[in-house]
$ cat final.cif   # mmCIF, C-alpha atoms
data_final
loop_
_atom_site.label_atom_id
_atom_site.label_comp_id
_atom_site.auth_asym_id
_atom_site.auth_seq_id
_atom_site.Cartn_x
_atom_site.Cartn_y
_atom_site.Cartn_z
CA GLN A 17 -5.77 25.66 37.44
CA LEU A 18 -3.67 24.14 40.19
CA ASP A 19 -4.78 22.90 43.63
CA VAL A 20 -2.18 23.07 46.43
CA THR A 21 -2.10 21.52 49.92
CA VAL A 22 0.25 23.01 52.53
CA THR A 23 1.10 21.29 55.84
CA ASN A 24 2.88 23.11 58.67
CA LEU A 25 5.44 20.63 60.03
CA THR A 26 7.09 23.17 62.34
CA PRO A 27 6.27 23.69 66.05
CA SER A 28 5.37 27.36 65.39
CA SER A 29 2.49 29.08 63.66
CA VAL A 30 3.11 30.55 60.24
CA THR A 31 1.45 33.95 60.16
CA ASN A 32 0.51 36.21 57.25
CA ALA A 33 1.36 33.37 54.93
CA GLN A 34 1.25 33.83 51.18
CA LEU A 35 1.56 31.22 48.45
CA LYS A 36 3.30 32.26 45.26
CA LEU A 37 3.84 30.48 41.94
CA ARG A 38 6.92 31.19 39.86
CA GLY A 39 7.89 29.82 36.47
CA GLU A 40 9.15 31.09 33.13
CA ASN A 41 8.22 29.14 30.03
CA PRO A 42 7.58 30.13 26.39
CA PHE A 43 4.45 27.93 26.27
CA ILE A 44 2.92 29.11 29.58
CA THR A 45 1.16 32.36 30.50
CA LEU A 46 0.70 32.78 34.26
CA SER A 47 -2.61 34.46 35.16
CA ASP A 48 -3.05 33.90 38.93
CA THR A 49 0.16 33.46 40.93
CA LEU A 50 -0.76 34.61 44.47
CA GLU A 51 -2.88 33.01 47.20
CA THR A 52 -3.34 34.47 50.70
CA ALA A 53 -3.00 31.70 53.27
CA GLY A 54 -3.37 33.66 56.54
CA THR A 55 -2.24 31.72 59.62
CA ILE A 56 -1.29 28.04 59.43
CA GLU A 57 -1.08 26.38 62.85
CA PRO A 58 1.46 23.64 63.71
CA GLY A 59 0.38 20.32 62.21
CA GLN A 60 -2.39 21.97 60.21
CA ALA A 61 -2.92 21.02 56.55
CA VAL A 62 -4.64 23.60 54.37
CA THR A 63 -5.84 22.90 50.83
CA PHE A 64 -6.20 25.78 48.42
CA SER A 65 -8.56 24.87 45.60
CA GLN A 66 -7.64 26.53 42.33
CA ALA A 67 -4.78 28.32 44.07
CA PHE A 68 -3.05 29.21 40.82
CA SER A 69 -4.01 29.35 37.18
CA PHE A 70 -2.14 29.57 33.91
CA ASP A 71 -2.78 29.18 30.19
CA VAL A 72 -0.97 26.62 28.07
CA SER A 73 -0.23 27.53 24.44
CA PRO A 74 -1.86 25.33 21.77
CA ASP A 75 1.65 25.09 20.27
CA VAL A 76 3.05 23.25 23.28
CA PRO A 77 4.95 20.11 22.20
CA ASP A 78 3.60 16.72 23.20
CA ALA A 79 4.87 15.32 26.54
CA TYR A 80 6.46 18.70 27.36
CA LEU A 81 7.89 19.18 30.86
CA MET A 82 7.08 22.48 32.63
CA PRO A 83 9.07 23.35 35.80
CA PHE A 84 7.53 25.62 38.46
CA THR A 85 8.46 26.80 41.95
CA ILE A 86 5.88 27.19 44.72
CA ILE A 87 6.94 29.61 47.48
CA LEU A 88 5.34 29.98 50.92
CA ASP A 89 6.24 33.26 52.67
CA GLY A 90 5.37 33.99 56.32
CA ASP A 91 6.31 36.76 58.75
CA ARG A 92 9.53 35.04 59.80
CA GLN A 93 9.91 32.05 57.48
CA SER A 94 10.00 31.21 53.81
CA TRP A 95 9.83 27.81 52.08
CA SER A 96 9.95 26.77 48.45
CA ARG A 97 9.38 23.60 46.49
CA ASP A 98 10.11 22.82 42.85
CA ILE A 99 7.50 20.88 40.91
CA THR A 100 7.32 19.68 37.31
CA LEU A 101 4.09 19.33 35.35
CA GLN A 102 3.74 17.67 31.97
CA ALA A 103 1.67 18.95 29.04
CA PHE A 104 0.30 16.74 26.31
CA SER A 105 -0.76 17.73 22.82
CA PRO A 106 -2.33 16.04 19.79
CA VAL A 107 0.14 15.07 17.04
CA MET A 108 -1.42 14.22 13.68
CA GLU A 109 -0.04 12.06 10.88
CA THR A 110 -1.42 10.18 7.88
CA SER A 111 -1.01 6.43 8.20
CA ARG A 112 -2.75 5.25 5.00
CA ILE A 113 -4.39 6.58 1.82
CA ILE A 114 -7.09 4.56 0.06
CA VAL A 115 -8.27 5.40 -3.47
CA ASP A 116 -12.00 4.66 -3.64
CA ASP A 117 -12.49 4.71 -7.43
CA HIS A 118 -14.64 1.54 -7.64
CA GLY A 119 -11.95 0.12 -9.91
CA ASN A 120 -8.27 -0.69 -9.53
CA ARG A 121 -7.88 1.51 -6.40
CA LEU A 122 -5.27 3.61 -8.19
CA LEU A 123 -5.38 7.24 -9.24
CA ASP A 124 -5.03 7.02 -13.01
CA PRO A 125 -4.50 9.88 -15.50
CA GLY A 126 -7.85 11.51 -16.39
CA GLU A 127 -9.67 9.98 -13.39
CA THR A 128 -11.84 11.61 -10.70
CA SER A 129 -12.01 9.66 -7.45
CA ASP A 130 -12.82 9.79 -3.76
CA ILE A 131 -9.84 9.27 -1.48
CA LYS A 132 -9.87 8.14 2.13
CA VAL A 133 -7.07 9.45 4.33
CA LEU A 134 -6.54 7.58 7.59
CA LEU A 135 -5.55 10.21 10.16
CA ARG A 136 -3.75 9.06 13.32
CA ASN A 137 -3.27 11.01 16.54
CA LYS A 138 0.10 9.80 17.81
CA GLY A 139 0.18 12.47 20.52
CA GLY A 140 -0.88 12.19 24.15
CA ALA A 141 -3.97 14.42 24.15
CA LEU A 142 -7.52 14.14 22.84
CA ALA A 143 -8.37 16.41 19.90
CA THR A 144 -11.98 17.57 19.49
CA GLY A 145 -13.78 19.48 16.77
CA LEU A 146 -11.30 18.52 14.03
CA THR A 147 -11.51 20.01 10.55
CA ALA A 148 -9.25 19.21 7.62
CA ASP A 149 -8.69 21.13 4.38
CA LEU A 150 -6.83 19.33 1.60
CA PHE A 151 -4.70 21.45 -0.74
CA THR A 152 -2.08 21.03 -3.44
CA SER A 153 -0.18 23.19 -5.92
CA ASP A 154 0.63 20.26 -8.20
CA PRO A 155 -0.29 20.91 -11.85
CA TYR A 156 -1.56 17.35 -12.39
CA LEU A 157 -3.89 17.22 -9.37
CA THR A 158 -7.13 19.13 -8.66
CA VAL A 159 -8.93 18.98 -5.32
CA ASN A 160 -12.71 18.98 -5.83
CA ASP A 161 -13.93 18.30 -2.29
CA ALA A 162 -11.36 19.70 0.08
CA PHE A 163 -13.17 19.69 3.45
CA SER A 164 -13.60 16.87 5.96
CA SER A 165 -14.23 16.79 9.71
CA LEU A 166 -14.18 14.57 12.80
CA ASP A 167 -15.93 15.04 16.13
CA SER A 168 -12.88 13.86 18.06
CA LEU A 169 -9.72 11.79 17.83
CA LYS A 170 -8.34 10.25 21.03
CA ALA A 171 -4.66 9.85 21.81
CA GLY A 172 -3.36 6.89 19.81
CA GLY A 173 -6.59 6.68 17.81
CA SER A 174 -7.25 6.76 14.06
CA ASP A 175 -10.18 7.83 11.90
CA THR A 176 -10.92 8.53 8.25
CA LEU A 177 -11.04 11.82 6.34
CA TYR A 178 -12.88 11.91 3.00
CA PHE A 179 -11.88 14.01 -0.04
CA ASN A 180 -12.37 14.00 -3.82
CA VAL A 181 -9.68 14.74 -6.42
CA SER A 182 -9.21 14.72 -10.19
CA VAL A 183 -6.06 13.77 -12.07
CA SER A 184 -5.01 15.46 -15.31
CA GLY A 185 -5.12 13.27 -18.40
CA SER A 186 -1.55 14.33 -19.14
CA ALA A 187 -0.17 13.14 -15.77
CA PRO A 188 2.78 10.74 -16.19
CA MET A 189 2.36 7.17 -15.01
CA GLY A 190 4.05 6.57 -11.68
CA TYR A 191 3.97 10.28 -10.85
CA ALA A 192 4.03 11.30 -7.15
CA ALA A 193 1.72 14.29 -6.57
CA PRO A 194 2.41 16.11 -3.29
CA ALA A 195 -0.53 17.30 -1.20
CA ALA A 196 -1.20 18.36 2.38
CA ALA A 197 -4.08 18.74 4.81
CA PHE A 198 -4.38 21.72 7.14
CA ILE A 199 -5.76 20.38 10.44
CA GLN A 200 -7.53 22.50 13.05
CA ALA A 201 -9.11 21.48 16.35
CA ASP A 202 -10.58 23.02 19.49
CA LYS A 203 -8.39 25.05 21.88
CA GLY A 204 -6.44 26.59 18.98
CA TYR A 205 -4.70 23.43 17.75
CA GLU A 206 -3.31 23.65 14.20
CA SER A 207 -1.01 21.45 12.14
CA THR A 208 -0.27 20.54 8.55
CA VAL A 209 0.18 16.91 7.52
CA SER A 210 1.87 16.12 4.22
CA MET A 211 1.07 13.23 1.91
CA VAL A 212 1.90 11.90 -1.55
CA LEU A 213 -0.77 10.72 -3.99
CA MET A 214 0.61 8.24 -6.52
CA ILE A 215 -0.75 8.47 -10.06
CA GLY A 216 -0.79 5.28 -12.07
CA LEU A 217 1.19 2.12 -11.57
CA ILE A 218 4.78 1.66 -12.69
CA THR A 219 4.92 -1.69 -14.49
CA GLU A 220 7.52 -3.69 -16.37
CA ASP A 221 5.85 -6.12 -18.79
CA PHE A 222 8.82 -6.64 -21.15
CA GLU A 223 6.52 -5.83 -24.09
CA THR A 224 9.39 -3.93 -25.69
CA GLY A 225 10.76 -7.38 -26.54
CA ASP A 226 13.98 -6.59 -24.69
CA PHE A 227 15.25 -5.11 -21.42
CA SER A 228 15.23 -1.49 -22.59
CA GLY A 229 12.13 -0.43 -20.61
CA PHE A 230 14.16 0.04 -17.40
CA ASP A 231 17.84 0.17 -16.47
CA TRP A 232 18.20 -3.52 -15.67
CA THR A 233 21.56 -4.95 -14.70
CA PHE A 234 22.49 -8.62 -14.44
CA SER A 235 24.87 -10.78 -12.46
CA GLY A 236 25.49 -14.42 -11.71
CA ASN A 237 26.44 -17.59 -13.58
CA ALA A 238 23.88 -17.50 -16.40
CA PRO A 239 22.30 -14.69 -18.46
CA TRP A 240 18.64 -13.64 -18.46
CA THR A 241 16.72 -13.57 -21.76
CA ILE A 242 13.37 -12.42 -23.10
CA ASP A 243 10.93 -15.34 -23.46
CA PHE A 244 8.16 -15.09 -26.08
CA THR A 245 6.55 -18.46 -25.29
CA THR A 246 5.42 -17.95 -21.68
CA ALA A 247 3.86 -14.74 -20.28
CA TRP A 248 1.47 -13.71 -17.51
CA GLU A 249 -0.16 -11.28 -19.93
CA GLY A 250 0.91 -9.88 -23.26
CA ASN A 251 3.55 -11.68 -25.30
CA TYR A 252 6.80 -11.55 -23.37
CA SER A 253 8.41 -12.37 -20.03
CA ALA A 254 11.93 -12.49 -18.61
CA ARG A 255 13.54 -15.91 -18.19
CA SER A 256 16.55 -16.66 -16.02
CA GLY A 257 19.47 -18.69 -17.26
CA SER A 258 19.76 -22.36 -16.40
CA ILE A 259 21.92 -22.86 -13.31
CA GLY A 260 23.20 -25.82 -11.35
CA ASP A 261 23.93 -26.45 -7.69
CA SER A 262 25.38 -23.53 -5.69
CA LYS A 263 24.98 -21.18 -8.64
CA TYR A 264 22.82 -18.10 -9.04
CA THR A 265 21.56 -15.67 -11.64
CA ALA A 266 20.13 -12.24 -10.86
CA MET A 267 18.24 -9.47 -12.64
CA ILE A 268 18.59 -6.18 -10.74
CA LEU A 269 16.83 -2.81 -10.90
CA ASP A 270 17.75 0.12 -8.65
CA TYR A 271 14.78 2.44 -8.15
CA VAL A 272 14.21 5.36 -5.76
CA SER A 273 10.63 5.54 -4.47
CA ALA A 274 9.07 8.88 -3.53
CA HIS A 275 7.49 7.35 -0.41
CA ASP A 276 6.80 4.03 1.31
CA ASP A 277 5.16 1.65 -1.14
CA SER A 278 5.23 -1.97 -2.24
CA ILE A 279 6.71 -4.06 -5.06
CA SER A 280 5.08 -7.20 -6.47
CA PHE A 281 5.68 -9.47 -9.43
CA TYR A 282 4.34 -12.61 -11.05
CA ARG A 283 6.67 -15.59 -11.32
CA LYS A 284 6.78 -19.16 -12.56
CA VAL A 285 9.30 -21.57 -11.09
CA SER A 286 10.84 -24.60 -12.74
CA SER A 287 13.39 -26.54 -10.69
CA GLU A 288 14.58 -30.06 -10.08
CA THR A 289 13.05 -32.21 -7.33
CA ASP A 290 15.04 -31.92 -4.12
#
$ encode --input "final.cif" --output "structure tokens"
Amino acid sequence: QLDVTVTNLTPSSVTNAQLKLRGENPFITLSDTLETAGTIEPGQAVTFSQAFSFDVSPDVPDAYLMPFTIILDGDRQSWSRDITLQAFSPVMETSRIIVDDHGNRLLDPGETSDIKVLLRNKGGALATGLTADLFTSDPYLTVNDAFSSLDSLKAGGSDTLYFNVSVSGSAPMGYAAPAAAFIQADKGYESTVSMVLMIGLITEDFETGDFSGFDWTFSGNAPWTIDFTTAWEGNYSARSGSIGDSKYTAMILDYVSAHDDSISFYRKVSSETD
């Protein structure tokens, strides 16, 4: 609903005045576009409470601009003014997924675990009465507890959704299982947020006794070798060649990740005193 104040700045009365609202927009349905104003005397300001009303679609994009024209018609005069209103909508995204398996915090083949999905509202409007249904068509992933809910999620805010899943014992290590959550909220809001659940951890431990586990390439002034005397765990590690000043040696692996993730490694450094 829209309140409007009209001031007659002319020296004459405006008689049989009518206020009209005009605007065409795919996300707006006008329901009340006419207000009878009667006579407006010179210098008089008249406020029309709830002069116009319209419905905004739940599909309206966030921060969407909606142009309207307000027209004042009298017996002998007509005025118009363009106005622009802005609509805001919730916009949901997943910002983090936590595996709550009371272990290594990874989804491993054959494991059943709770997962916590941090849901963020990056839109400009409050969402209330949220429900989320997790689903997947992946053959290695089964959703056991698919429903979670939140009372509200303010603009820019985050909160946690809780689900439970099982991983097939035949799932490959390092496998990226796609899933999605269907989000609904009050006032007809609906959206689907996608996510990837990683199964297992991709590791290189050099326990093959060589560099055949991955497609390693090498460059620099000295070769890398497999070391069987020093290891973080197991029996083997990779050792760089011995290099002098202004020299380098590199071991390189090109790998395409299915989604944002992290890489870590254990290292031991032996170098001369500076």
$ resolve_selection --input "final.cif" --expression "the PyMOL selection byres ((chain A and resi 260) around 12)" --output "PyMOL selection string"
chain A and resi 236-238+257-259+261-265+287-288
$ residues_near_point --input "final.cif" --point "(-4.1, 19.8, 57.1)" --cutoff "12 Å" --atoms "all atoms listed in the file" --output "PyMOL selection string"
chain A and resi 20-25+56-64
$ atom_distance --input "final.cif" --atom1 "atom CA of Tyr156 of chain A" --atom2 "atom CA of Gly185 of chain A"
8.1 Å
$ resolve_selection --input "final.cif" --expression "the PyMOL selection byres ((chain A and resi 284) around 12)" --output "list in words"
Thr246, Ala247, Trp248, Ser253, Ala254, Arg255, Ser256, Phe281, Tyr282, Arg283, Val285, Ser286 and Ser287 of chain A
$ closest_residue --input "final.cif" --among "A:Thr128, A:Thr52, A:Ser153, A:Ser47" --to "Leu88 of chain A" --atoms "all atoms listed in the file"
A:Thr52
$ atom_distance --input "final.cif" --atom1 "atom CA of Thr45 of chain A" --atom2 "atom CA of Gly145 of chain A"
24.0 Å
$ closest_residue --input "final.cif" --among "A:Leu166, A:Val76, A:Ile114, A:Leu46" --to "Gly139 of chain A" --atoms "only C-alpha atoms"
A:Val76
$ resolve_selection --input "final.cif" --expression "the PyMOL selection byres ((chain A and resi 41) around 12)" --output "compact mmCIF listing (two decimals) with C-alpha atoms, in the coordinates of the input"
# COMPACT_ATOMS: atom_id res chain seq x y z
CA ARG A 38 6.92 31.19 39.86
CA GLY A 39 7.89 29.82 36.47
CA GLU A 40 9.15 31.09 33.13
CA PRO A 42 7.58 30.13 26.39
CA PHE A 43 4.45 27.93 26.27
CA ILE A 44 2.92 29.11 29.58
CA THR A 45 1.16 32.36 30.50
CA LEU A 46 0.70 32.78 34.26
CA PHE A 70 -2.14 29.57 33.91
CA ASP A 71 -2.78 29.18 30.19
CA VAL A 72 -0.97 26.62 28.07
CA SER A 73 -0.23 27.53 24.44
CA VAL A 76 3.05 23.25 23.28
CA TYR A 80 6.46 18.70 27.36
CA LEU A 81 7.89 19.18 30.86
CA MET A 82 7.08 22.48 32.63
CA PRO A 83 9.07 23.35 35.80
CA PHE A 84 7.53 25.62 38.46
CA THR A 100 7.32 19.68 37.31
CA LEU A 101 4.09 19.33 35.35
$ atom_distance --input "final.cif" --atom1 "atom CA of Leu50 of chain A" --atom2 "atom CA of Lys203 of chain A"
25.7 Å
$ closest_residue --input "final.cif" --among "A:Ala193, A:Leu142, A:Ala33, A:Leu269" --to "Ser228 of chain A" --atoms "only C-alpha atoms"
A:Leu269
$ closest_residue --input "final.cif" --among "A:Leu146, A:Ala141, A:Val133, A:Leu123" --to "Ile199 of chain A" --atoms "all atoms listed in the file"
A:Leu146
$ residues_around --input "final.cif" --residues "segment 186-192 of chain A" --least-positions-apart "3" --cutoff "8 Å" --atoms "only C-alpha atoms" --output "number ranges by chain"
A: 124-126, 156, 183, 212-218, 274
$ closest_residue --input "final.cif" --among "A:Ser168, A:Thr241, A:Asn160, A:Thr289" --to "Asn180 of chain A" --atoms "all atoms listed in the file"
A:Asn160
